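What follows is the content of work.cif, which has mmCIF, C-alpha atoms:
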data_my_file
#
loop_
_atom_site.group_PDB
_atom_site.id
_atom_site.type_symbol
_atom_site.label_atom_id
_atom_site.label_comp_id
_atom_site.auth_asym_id
_atom_site.auth_seq_id
_atom_site.Cartn_x
_atom_site.Cartn_y
_atom_site.Cartn_z
ATOM 1 C CA MET A 180 138.873 -84.951 -107.132
ATOM 2 C CA THR A 181 140.103 -83.267 -103.915
ATOM 3 C CA LEU A 182 138.961 -84.475 -100.489
ATOM 4 C CA GLU A 183 139.425 -82.311 -97.409
ATOM 5 C CA ASN A 184 139.775 -84.092 -94.072
ATOM 6 C CA ARG A 185 138.908 -81.397 -91.541
ATOM 7 C CA ALA A 186 139.821 -83.615 -88.560
ATOM 8 C CA TRP A 187 143.480 -83.719 -89.641
ATOM 9 C CA GLN A 188 143.629 -80.531 -91.709
ATOM 10 C CA LYS A 189 144.948 -82.361 -94.771
ATOM 11 C CA LYS A 190 143.964 -82.193 -98.441
ATOM 12 C CA ILE A 191 144.306 -85.347 -100.486
ATOM 13 C CA THR A 192 144.094 -85.300 -104.275
ATOM 14 C CA ILE A 193 142.921 -88.595 -105.801
ATOM 15 C CA PRO A 194 142.749 -89.130 -109.599
ATOM 16 C CA ASN A 195 139.193 -89.824 -110.757
ATOM 17 C CA GLY A 196 140.345 -93.011 -112.510
ATOM 18 C CA THR A 197 141.722 -94.389 -109.267
ATOM 19 C CA LEU A 198 138.730 -93.181 -107.283
ATOM 20 C CA SER A 199 136.264 -95.019 -109.504
ATOM 21 C CA LYS A 200 137.983 -98.361 -108.784
ATOM 22 C CA ALA A 201 138.574 -97.872 -105.075
ATOM 23 C CA THR A 202 136.610 -98.944 -102.030
ATOM 24 C CA ILE A 203 136.435 -95.991 -99.681
ATOM 25 C CA VAL A 204 135.785 -96.428 -95.976
ATOM 26 C CA ASN A 205 134.869 -93.245 -94.122
ATOM 27 C CA CYS A 206 136.269 -93.609 -90.598
ATOM 28 C CA GLY A 207 134.830 -90.279 -89.496
ATOM 29 C CA GLN A 208 136.466 -87.902 -87.065
ATOM 30 C CA GLU A 209 136.649 -90.476 -84.242
ATOM 31 C CA GLY A 210 138.628 -93.065 -86.195
ATOM 32 C CA ILE A 211 138.164 -96.832 -86.284
ATOM 33 C CA TRP A 212 136.643 -98.608 -83.275
ATOM 34 C CA GLN A 213 138.196 -101.895 -82.185
ATOM 35 C CA ASN A 214 137.754 -104.099 -79.153
ATOM 36 C CA VAL A 215 139.736 -106.477 -76.972
ATOM 37 C CA SER A 216 138.023 -109.220 -74.950
ATOM 38 C CA VAL A 217 139.167 -110.608 -71.598
ATOM 39 C CA GLY A 218 137.669 -112.634 -68.766
ATOM 40 C CA PHE A 219 138.185 -111.954 -65.049
ATOM 41 C CA SER A 220 137.205 -114.040 -62.038
ATOM 42 C CA TYR A 221 133.801 -113.730 -60.378
ATOM 43 C CA ASP A 222 135.739 -112.741 -57.246
ATOM 44 C CA ASP A 223 136.793 -109.498 -58.979
ATOM 45 C CA ALA A 224 134.025 -106.921 -58.544
ATOM 46 C CA PRO A 225 132.882 -105.556 -61.955
ATOM 47 C CA ASP A 226 132.942 -101.942 -60.743
ATOM 48 C CA ARG A 227 136.612 -102.297 -59.756
ATOM 49 C CA VAL A 228 137.477 -104.099 -62.972
ATOM 50 C CA MET A 229 135.851 -101.541 -65.288
ATOM 51 C CA SER A 230 137.327 -98.596 -63.357
ATOM 52 C CA ALA A 231 140.782 -100.134 -63.712
ATOM 53 C CA LEU A 232 140.285 -100.910 -67.409
ATOM 54 C CA LYS A 233 139.569 -97.247 -68.121
ATOM 55 C CA SER A 234 143.047 -96.370 -66.818
ATOM 56 C CA ILE A 235 144.621 -98.272 -69.725
ATOM 57 C CA ALA A 236 144.219 -95.127 -71.832
ATOM 58 C CA ALA A 237 147.043 -93.314 -69.989
ATOM 59 C CA GLY A 238 150.509 -93.202 -71.489
ATOM 60 C CA PHE A 239 150.057 -94.500 -75.028
ATOM 61 C CA ASP A 240 152.515 -93.356 -77.666
ATOM 62 C CA ASN A 241 150.588 -91.113 -80.076
ATOM 63 C CA ASP A 242 152.479 -92.688 -82.967
ATOM 64 C CA LEU A 243 150.461 -95.854 -82.416
ATOM 65 C CA GLY A 244 147.371 -93.957 -83.496
ATOM 66 C CA PHE A 245 145.397 -94.268 -80.265
ATOM 67 C CA GLY A 246 142.407 -91.932 -80.341
ATOM 68 C CA GLY A 247 142.280 -91.488 -76.568
ATOM 69 C CA GLN A 248 138.931 -93.102 -75.740
ATOM 70 C CA VAL A 249 138.371 -96.399 -73.873
ATOM 71 C CA PHE A 250 134.990 -97.920 -72.993
ATOM 72 C CA PRO A 251 134.830 -101.235 -71.071
ATOM 73 C CA PHE A 252 131.593 -103.242 -71.017
ATOM 74 C CA ILE A 253 130.453 -106.552 -69.534
ATOM 75 C CA ASN A 254 129.889 -108.891 -72.463
ATOM 76 C CA SER A 255 128.626 -112.035 -70.705
ATOM 77 C CA PHE A 256 128.821 -114.255 -67.645
ATOM 78 C CA GLY A 257 130.821 -117.336 -68.597
ATOM 79 C CA ASP A 258 131.325 -120.659 -66.844
ATOM 80 C CA SER A 259 134.474 -119.521 -65.043
ATOM 81 C CA SER A 260 134.708 -115.765 -65.619
ATOM 82 C CA ILE A 261 132.926 -112.485 -66.247
ATOM 83 C CA ASN A 262 133.777 -111.556 -69.829
ATOM 84 C CA TYR A 263 134.544 -107.957 -70.746
ATOM 85 C CA ASP A 264 134.905 -106.087 -74.039
ATOM 86 C CA ILE A 265 137.217 -103.060 -74.031
ATOM 87 C CA TRP A 266 136.426 -100.760 -76.948
ATOM 88 C CA PHE A 267 138.968 -98.186 -78.097
ATOM 89 C CA ASN A 268 139.364 -95.939 -81.126
ATOM 90 C CA LYS A 269 142.312 -95.825 -83.500
ATOM 91 C CA VAL A 270 143.048 -93.063 -85.982
ATOM 92 C CA PRO A 271 143.731 -94.204 -89.576
ATOM 93 C CA ASP A 272 147.346 -93.013 -89.844
ATOM 94 C CA GLY A 273 148.742 -94.792 -86.779
ATOM 95 C CA LYS A 274 151.680 -97.161 -87.075
ATOM 96 C CA GLY A 275 149.801 -100.201 -85.803
ATOM 97 C CA PHE A 276 150.526 -102.606 -82.929
ATOM 98 C CA LEU A 277 147.862 -100.857 -80.846
ATOM 99 C CA PHE A 278 145.874 -104.080 -80.375
ATOM 100 C CA ASN A 279 148.970 -105.836 -79.033
ATOM 101 C CA GLN A 280 149.677 -102.936 -76.681
ATOM 102 C CA PHE A 281 146.190 -103.175 -75.231
ATOM 103 C CA LEU A 282 146.614 -106.899 -74.545
ATOM 104 C CA THR A 283 149.957 -106.225 -72.847
ATOM 105 C CA ARG A 284 148.483 -103.448 -70.693
ATOM 106 C CA ILE A 285 145.624 -105.714 -69.581
ATOM 107 C CA TYR A 286 148.115 -108.338 -68.381
ATOM 108 C CA TYR A 287 150.041 -105.871 -66.197
ATOM 109 C CA LEU A 288 146.844 -104.234 -64.985
ATOM 110 C CA ALA A 289 145.569 -107.632 -63.785
ATOM 111 C CA LYS A 290 148.819 -108.225 -61.868
ATOM 112 C CA ARG A 291 148.733 -104.775 -60.211
ATOM 113 C CA HIS A 292 145.129 -105.084 -59.053
ATOM 114 C CA ASN A 293 145.320 -108.800 -58.192
ATOM 115 C CA PHE A 294 142.619 -109.607 -60.721
ATOM 116 C CA THR A 295 142.441 -113.234 -61.782
ATOM 117 C CA ILE A 296 142.306 -114.310 -65.423
ATOM 118 C CA PRO A 297 141.111 -117.925 -64.943
ATOM 119 C CA TYR A 298 143.185 -120.698 -66.458
ATOM 120 C CA PRO A 299 141.320 -123.341 -68.500
ATOM 121 C CA ILE A 300 142.419 -126.174 -66.197
ATOM 122 C CA GLU A 301 140.765 -128.687 -63.941
ATOM 123 C CA VAL A 302 141.357 -128.392 -60.199
ATOM 124 C CA GLN A 303 140.558 -131.147 -57.721
ATOM 125 C CA TYR A 304 139.438 -130.126 -54.237
ATOM 126 C CA ASN A 305 139.215 -132.628 -51.359
ATOM 127 C CA TYR A 306 136.710 -131.931 -48.597
ATOM 128 C CA ASP A 307 135.295 -133.858 -45.711
ATOM 129 C CA ALA A 308 131.687 -134.531 -46.669
ATOM 130 C CA LYS A 309 130.657 -134.408 -43.004
ATOM 131 C CA GLU A 310 131.672 -130.765 -42.838
ATOM 132 C CA GLY A 311 129.666 -129.877 -45.942
ATOM 133 C CA LEU A 312 130.777 -127.910 -48.978
ATOM 134 C CA PRO A 313 132.316 -124.447 -48.521
ATOM 135 C CA ASN A 314 130.518 -121.322 -49.696
ATOM 136 C CA ARG A 315 133.268 -120.618 -52.189
ATOM 137 C CA LEU A 316 136.295 -122.485 -53.495
ATOM 138 C CA PRO A 317 139.676 -121.174 -52.298
ATOM 139 C CA ASN A 318 142.066 -119.446 -54.656
ATOM 140 C CA ALA A 319 145.787 -120.095 -54.683
ATOM 141 C CA THR A 320 147.549 -117.338 -52.749
ATOM 142 C CA ASP A 321 150.741 -115.605 -53.735
ATOM 143 C CA ASN A 322 152.448 -115.102 -50.371
ATOM 144 C CA ARG A 323 155.493 -112.892 -50.801
ATOM 145 C CA LEU A 324 155.602 -111.511 -47.272
ATOM 146 C CA GLN A 325 159.085 -112.849 -46.499
ATOM 147 C CA GLU A 326 160.353 -111.649 -49.872
ATOM 148 C CA MET A 327 158.983 -108.184 -49.126
ATOM 149 C CA ALA A 328 160.562 -108.045 -45.657
ATOM 150 C CA ASP A 329 163.940 -109.182 -47.000
ATOM 151 C CA PHE A 330 163.868 -106.452 -49.664
ATOM 152 C CA LEU A 331 162.897 -103.705 -47.206
ATOM 153 C CA ARG A 332 165.871 -104.661 -45.008
ATOM 154 C CA THR A 333 168.251 -103.977 -47.912
ATOM 155 C CA LEU A 334 167.092 -100.349 -48.306
ATOM 156 C CA THR A 335 169.391 -97.738 -46.791
ATOM 157 C CA TYR A 336 166.401 -95.388 -46.462
ATOM 158 C CA LEU A 337 164.881 -97.761 -43.873
ATOM 159 C CA SER A 338 168.115 -98.747 -42.102
ATOM 160 C CA SER A 339 167.090 -96.934 -38.903
ATOM 161 C CA LEU A 340 164.024 -99.162 -38.433
ATOM 162 C CA GLU A 341 164.006 -102.177 -36.109
ATOM 163 C CA ASP A 342 163.218 -105.668 -37.393
ATOM 164 C CA THR A 343 159.762 -105.671 -35.824
ATOM 165 C CA LYS A 344 158.896 -102.432 -37.632
ATOM 166 C CA ILE A 345 160.249 -103.795 -40.938
ATOM 167 C CA ASN A 346 158.091 -106.912 -40.547
ATOM 168 C CA GLU A 347 155.056 -104.765 -39.806
ATOM 169 C CA LEU A 348 155.787 -102.542 -42.807
ATOM 170 C CA ALA A 349 156.104 -105.622 -45.053
ATOM 171 C CA THR A 350 152.447 -106.486 -44.358
ATOM 172 C CA LYS A 351 151.358 -103.059 -45.613
ATOM 173 C CA ALA A 352 153.667 -102.632 -48.615
ATOM 174 C CA LYS A 353 152.815 -104.234 -51.955
ATOM 175 C CA PHE A 354 154.441 -105.293 -55.201
ATOM 176 C CA LEU A 355 153.176 -103.582 -58.372
ATOM 177 C CA SER A 356 154.020 -104.710 -61.921
ATOM 178 C CA PHE A 357 154.260 -102.410 -64.959
ATOM 179 C CA GLY A 358 154.972 -103.000 -68.639
ATOM 180 C CA SER A 359 157.316 -100.913 -70.766
ATOM 181 C CA GLY A 360 155.928 -97.392 -71.326
ATOM 182 C CA GLU A 361 153.299 -97.532 -68.570
ATOM 183 C CA TYR A 362 152.960 -94.600 -66.194
ATOM 184 C CA ILE A 363 153.678 -95.348 -62.532
ATOM 185 C CA ILE A 364 153.115 -91.776 -61.354
ATOM 186 C CA ARG A 365 152.362 -88.615 -63.330
ATOM 187 C CA GLN A 366 153.431 -85.034 -62.756
ATOM 188 C CA GLY A 367 150.677 -82.826 -61.384
ATOM 189 C CA LEU A 368 148.549 -85.695 -60.053
ATOM 190 C CA ASP A 369 148.067 -87.191 -56.592
ATOM 191 C CA ASP A 370 150.354 -90.015 -55.564
ATOM 192 C CA GLU A 371 149.854 -93.126 -53.442
ATOM 193 C CA GLY A 372 153.033 -93.193 -51.392
ATOM 194 C CA LEU A 373 156.727 -94.027 -51.491
ATOM 195 C CA TYR A 374 158.030 -96.204 -54.348
ATOM 196 C CA PHE A 375 161.136 -98.389 -54.553
ATOM 197 C CA VAL A 376 162.345 -100.066 -57.738
ATOM 198 C CA TYR A 377 162.407 -103.842 -57.193
ATOM 199 C CA THR A 378 163.247 -105.141 -60.671
ATOM 200 C CA GLY A 379 163.697 -103.543 -64.098
ATOM 201 C CA LYS A 380 164.223 -99.834 -64.786
ATOM 202 C CA VAL A 381 162.132 -96.709 -64.219
ATOM 203 C CA ARG A 382 162.606 -93.417 -66.094
ATOM 204 C CA ILE A 383 162.027 -90.199 -64.145
ATOM 205 C CA SER A 384 161.263 -86.906 -65.901
ATOM 206 C CA THR A 385 159.823 -83.472 -65.155
ATOM 207 C CA LYS A 386 158.629 -80.433 -67.068
ATOM 208 C CA THR A 387 160.485 -77.125 -66.886
ATOM 209 C CA LEU A 388 158.752 -73.771 -66.491
ATOM 210 C CA GLU A 389 158.839 -73.492 -70.292
ATOM 211 C CA GLY A 390 156.945 -76.796 -70.589
ATOM 212 C CA ASP A 391 159.874 -78.844 -71.914
ATOM 213 C CA GLU A 392 160.107 -82.477 -70.798
ATOM 214 C CA ARG A 393 163.444 -83.156 -69.099
ATOM 215 C CA GLU A 394 164.612 -86.647 -68.149
ATOM 216 C CA LEU A 395 166.126 -86.680 -64.667
ATOM 217 C CA ASN A 396 167.337 -90.204 -64.140
ATOM 218 C CA SER A 397 166.993 -93.888 -64.938
ATOM 219 C CA LEU A 398 166.409 -95.775 -61.686
ATOM 220 C CA ARG A 399 167.328 -99.375 -60.913
ATOM 221 C CA SER A 400 166.696 -101.800 -58.050
ATOM 222 C CA GLY A 401 166.689 -100.132 -54.616
ATOM 223 C CA SER A 402 166.149 -96.584 -55.905
ATOM 224 C CA VAL A 403 163.354 -94.518 -54.366
ATOM 225 C CA PHE A 404 160.911 -92.020 -55.877
ATOM 226 C CA GLY A 405 157.590 -90.397 -54.998
ATOM 227 C CA GLU A 406 158.845 -88.866 -51.749
ATOM 228 C CA LEU A 407 157.878 -85.296 -52.727
ATOM 229 C CA ALA A 408 154.156 -86.069 -52.865
ATOM 230 C CA ILE A 409 153.514 -88.079 -49.704
ATOM 231 C CA PHE A 410 152.056 -85.155 -47.743
ATOM 232 C CA PRO A 411 148.308 -84.420 -47.925
ATOM 233 C CA GLY A 412 147.483 -81.943 -50.673
ATOM 234 C CA GLU A 413 150.780 -82.370 -52.505
ATOM 235 C CA VAL A 414 150.973 -83.533 -56.125
ATOM 236 C CA SER A 415 153.830 -85.260 -57.866
ATOM 237 C CA PRO A 416 156.462 -82.952 -59.420
ATOM 238 C CA ILE A 417 157.744 -85.832 -61.560
ATOM 239 C CA THR A 418 156.558 -88.459 -64.017
ATOM 240 C CA ALA A 419 157.774 -92.038 -63.569
ATOM 241 C CA VAL A 420 157.495 -94.504 -66.467
ATOM 242 C CA ALA A 421 158.507 -98.160 -66.646
ATOM 243 C CA ASP A 422 161.477 -98.312 -69.021
ATOM 244 C CA ARG A 423 161.059 -102.063 -69.431
ATOM 245 C CA ASP A 424 159.186 -104.817 -67.617
ATOM 246 C CA ALA A 425 159.436 -103.486 -64.044
ATOM 247 C CA GLN A 426 158.248 -104.234 -60.530
ATOM 248 C CA VAL A 427 158.102 -101.614 -57.801
ATOM 249 C CA VAL A 428 157.340 -101.762 -54.094
ATOM 250 C CA LEU A 429 154.794 -99.232 -52.839
ATOM 251 C CA ILE A 430 154.605 -98.168 -49.190
ATOM 252 C CA PRO A 431 151.312 -96.262 -48.792
ATOM 253 C CA ASP A 432 151.649 -92.614 -47.772
ATOM 254 C CA LYS A 433 149.706 -93.090 -44.512
ATOM 255 C CA ASP A 434 152.238 -95.712 -43.371
ATOM 256 C CA VAL A 435 155.158 -93.433 -44.279
ATOM 257 C CA MET A 436 153.540 -90.646 -42.251
ATOM 258 C CA GLN A 437 153.176 -92.985 -39.268
ATOM 259 C CA LEU A 438 156.887 -93.763 -39.480
ATOM 260 C CA ILE A 439 157.688 -90.041 -39.571
ATOM 261 C CA GLU A 440 155.531 -89.387 -36.507
ATOM 262 C CA SER A 441 156.752 -92.367 -34.454
ATOM 263 C CA ASN A 442 160.464 -92.576 -35.319
ATOM 264 C CA PRO A 443 162.508 -89.381 -34.699
ATOM 265 C CA LYS A 444 165.646 -90.761 -36.384
ATOM 266 C CA PHE A 445 163.778 -91.795 -39.506
ATOM 267 C CA SER A 446 161.969 -88.438 -39.482
ATOM 268 C CA SER A 447 165.236 -86.478 -39.332
ATOM 269 C CA GLU A 448 166.962 -88.528 -42.059
ATOM 270 C CA PHE A 449 163.902 -88.476 -44.298
ATOM 271 C CA SER A 450 163.537 -84.703 -43.827
ATOM 272 C CA GLN A 451 167.105 -84.155 -45.068
ATOM 273 C CA PHE A 452 166.558 -86.510 -47.994
ATOM 274 C CA ILE A 453 163.359 -84.711 -49.068
ATOM 275 C CA GLU A 454 165.026 -81.304 -48.831
ATOM 276 C CA GLN A 455 167.914 -82.437 -51.033
ATOM 277 C CA ARG A 456 165.508 -83.861 -53.609
ATOM 278 C CA ARG A 457 163.351 -80.738 -53.530
ATOM 279 C CA ARG A 458 166.299 -78.415 -54.171
ATOM 280 C CA ALA A 459 167.569 -80.583 -57.018
ATOM 281 C CA MET A 460 164.085 -80.676 -58.535
ATOM 282 C CA GLU A 461 163.615 -76.908 -58.354
ATOM 283 C CA ALA A 462 167.018 -76.342 -59.961
ATOM 284 C CA LEU A 463 166.131 -78.640 -62.862
ATOM 285 C CA GLN A 464 162.711 -77.050 -63.301
ATOM 286 C CA GLY A 465 164.190 -73.551 -63.252
ATOM 287 C CA ILE A 466 162.397 -72.513 -60.096
ATOM 288 C CA GLY A 467 164.263 -70.118 -57.807
ATOM 289 C CA ARG A 468 164.188 -71.115 -54.135
ATOM 290 C CA LYS A 469 161.685 -68.971 -52.263
ATOM 291 C CA SER A 470 162.674 -67.339 -49.024
ATOM 292 C CA GLN A 471 161.893 -69.261 -45.838
ATOM 293 C CA GLU A 472 159.471 -66.570 -44.698
ATOM 294 C CA THR A 473 157.509 -66.533 -47.960
ATOM 295 C CA ALA A 474 157.324 -70.319 -48.147
ATOM 296 C CA ALA A 475 156.241 -70.608 -44.524
ATOM 297 C CA SER A 476 153.473 -68.055 -45.014
ATOM 298 C CA ASN A 477 151.810 -70.038 -47.794
ATOM 299 C CA GLY A 478 152.234 -73.422 -46.135
ATOM 300 C CA LYS A 479 154.830 -74.877 -48.498
ATOM 301 C CA VAL A 480 157.451 -75.529 -45.797
ATOM 302 C CA ARG A 481 156.641 -78.551 -43.662
ATOM 303 C CA SER A 482 158.381 -79.862 -40.585
ATOM 304 C CA LEU A 483 158.880 -83.599 -40.217
ATOM 305 C CA ASN A 484 159.832 -83.406 -36.548
#

Could I get this structure in the form of structure tokens?
Amino acid sequence: MTLENRAWQKKITIPNGTLSKATIVNCGQEGIWQNVSVGFSYDDAPDRVMSALKSIAAGFDNDLGFGGQVFPFINSFGDSSINYDIWFNKVPDGKGFLFNQFLTRIYYLAKRHNFTIPYPIEVQYNYDAKEGLPNRLPNATDNRLQEMADFLRTLTYLSSLEDTKINELATKAKFLSFGSGEYIIRQGLDDEGLYFVYTGKVRISTKTLEGDERELNSLRSGSVFGELAIFPGEVSPITAVADRDAQVVLIPDKDVMQLIESNPKFSSEFSQFIEQRRRAMEALQGIGRKSQETAASNGKVRSLN
């Protein structure tokens, strides 16, 4: 007997003797559906949680057999958490380990978005009965403001800034955690700001005019990326992927723009840095540098002063 699987364009010949003894499961064109369950705090708005969970689909290795579809649902309201089911489809010929990858991605996603996965522990709160009970119980805070300020002071890119400005910037910047293989930024998409590697490694790549993926660099602590997409309307010309467990510091684009507008020295140094990066990027992508007049006429040349 010959079976034709139109979804994968393969023909499989199975002897009738074997076929008569086998249990056949038809997975259909969409593959096998599986689900992962996780609980998040009641302080984490469900709309935010489910929107974030959908982003897990980006960046999976096709060899794992991921079918490309993710559907998060609220399963129930538990004693200490809102419980979610994340359904995803897996094609039959994947290598496996997809379930484990989903669990890993959920962990890093929770850290990036400051979602809380409640611990099954007992916490004792002491209150003055005369003042009455609070509307909500306080959560433990992870205050890394001093750590952030100390790191920003080590960056040569920000060396022209005064201490007061560094301290102000530290309140606006944030730490983001990523697991191995997760996208931080993607070529052709909008970006959030300026990134600095804090711990771990980040791989940077770009596509040439012929569509070939070309790795540019492997960045370590203190390295910067994302500078070519901080202006309104610009998209990232690179893809950045966590090479291993990595943490990055993100300074939002609006705060970088404020620095450019308010600090002439920073503006001048940053302008030179961006121009060097842009030329190197165009050379690697195989793009010839346009004339100044042509670029200015279509709005591609921007002044930082």

Atom pair CA of Pro416 in chain A / CA of Gln455 in chain A: separation (Å):
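So the answer is 14.2 Å.
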
Pull out every residue that the PyMOL selection byres ((chain A and resi 294) around 8) matches in the shown coordinates and put them as a list in words.
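Selected by the PyMOL selection byres ((chain A and resi 294) around 8) here: Phe219, Ser220, Asp223, Val228, Ala289, Lys290, Arg291, His292, Asn293, Thr295 and Ile296 of chain A.
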
Among the residues A:Ser356, A:Asn279, A:Gln248, A:Ser234, the one that comes closest to Val215 in chain A [using only C-alpha atoms]:
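Counting only C-alpha atoms, the residue closest to Val215 in chain A is A:Asn279.
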
Which residue is closest to Asn254 in chain A? Choose from A:Val427, A:Thr283, A:Ile439, A:Ser216 and count only C-alpha atoms.
A:Ser216

Could you tell me how far CA of Thr378 in chain A lies from CA of Glu326 in chain A, in Å and to one decimal?
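We find that CA of Thr378 in chain A and CA of Glu326 in chain A lie 12.9 Å from each other.
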
Restricting the calculation to only C-alpha atoms: of A:Leu438, A:Leu373, A:Leu282, A:Arg323, which residue gets closest to Ile345 in chain A?
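Once distances to Ile345 in chain A are computed over only C-alpha atoms, the minimum belongs to A:Leu438.
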
Find the residues around range 397-399 of chain A up to 8 Å (only C-alpha atoms counted), leave out those fewer than 3 positions away in its own chain, and share them as a PyMOL selection string.
chain A and resi 376-383+402

For Val270 in chain A, the nearest of the candidates A:Val428, A:Ile211, A:Leu463, A:Ala421, counting only C-alpha atoms
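Distance minimum relative to Val270 in chain A lands on A:Ile211.
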
Name all residues at most 8 Å from Ile265 in chain A (count only C-alpha atoms; drop same-chain ones fewer than 5 positions away) and give them as JSON, numbers by chain.
{"A": [214, 215, 216, 232, 249, 250, 251, 252]}

Output the selection as a compact mmCIF listing (two decimals), keeping the file's coordinate frame - C-alpha atoms for each residue.
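Dumped to out24.txt:
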# COMPACT_ATOMS: atom_id res chain seq x y z
CA ASN A 214 137.75 -104.10 -79.15
CA VAL A 215 139.74 -106.48 -76.97
CA SER A 216 138.02 -109.22 -74.95
CA LEU A 232 140.28 -100.91 -67.41
CA VAL A 249 138.37 -96.40 -73.87
CA PHE A 250 134.99 -97.92 -72.99
CA PRO A 251 134.83 -101.24 -71.07
CA PHE A 252 131.59 -103.24 -71.02

For CA of Glu406 in chain A and CA of Arg227 in chain A, quote the distance in Å rounded to one decimal.
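Distance between the two atoms: 27.2 Å.
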
Which is closer to Asp369 in chain A than all the others in A:Glu392, A:Glu440, A:Asp434, A:Glu413, using all atoms listed in the file?
A:Glu413

Mind telling me what the PyMOL selection byres ((chain A and resi 212) around 7) catches here, as number ranges by chain?
A: 210-211, 213-214, 266-269
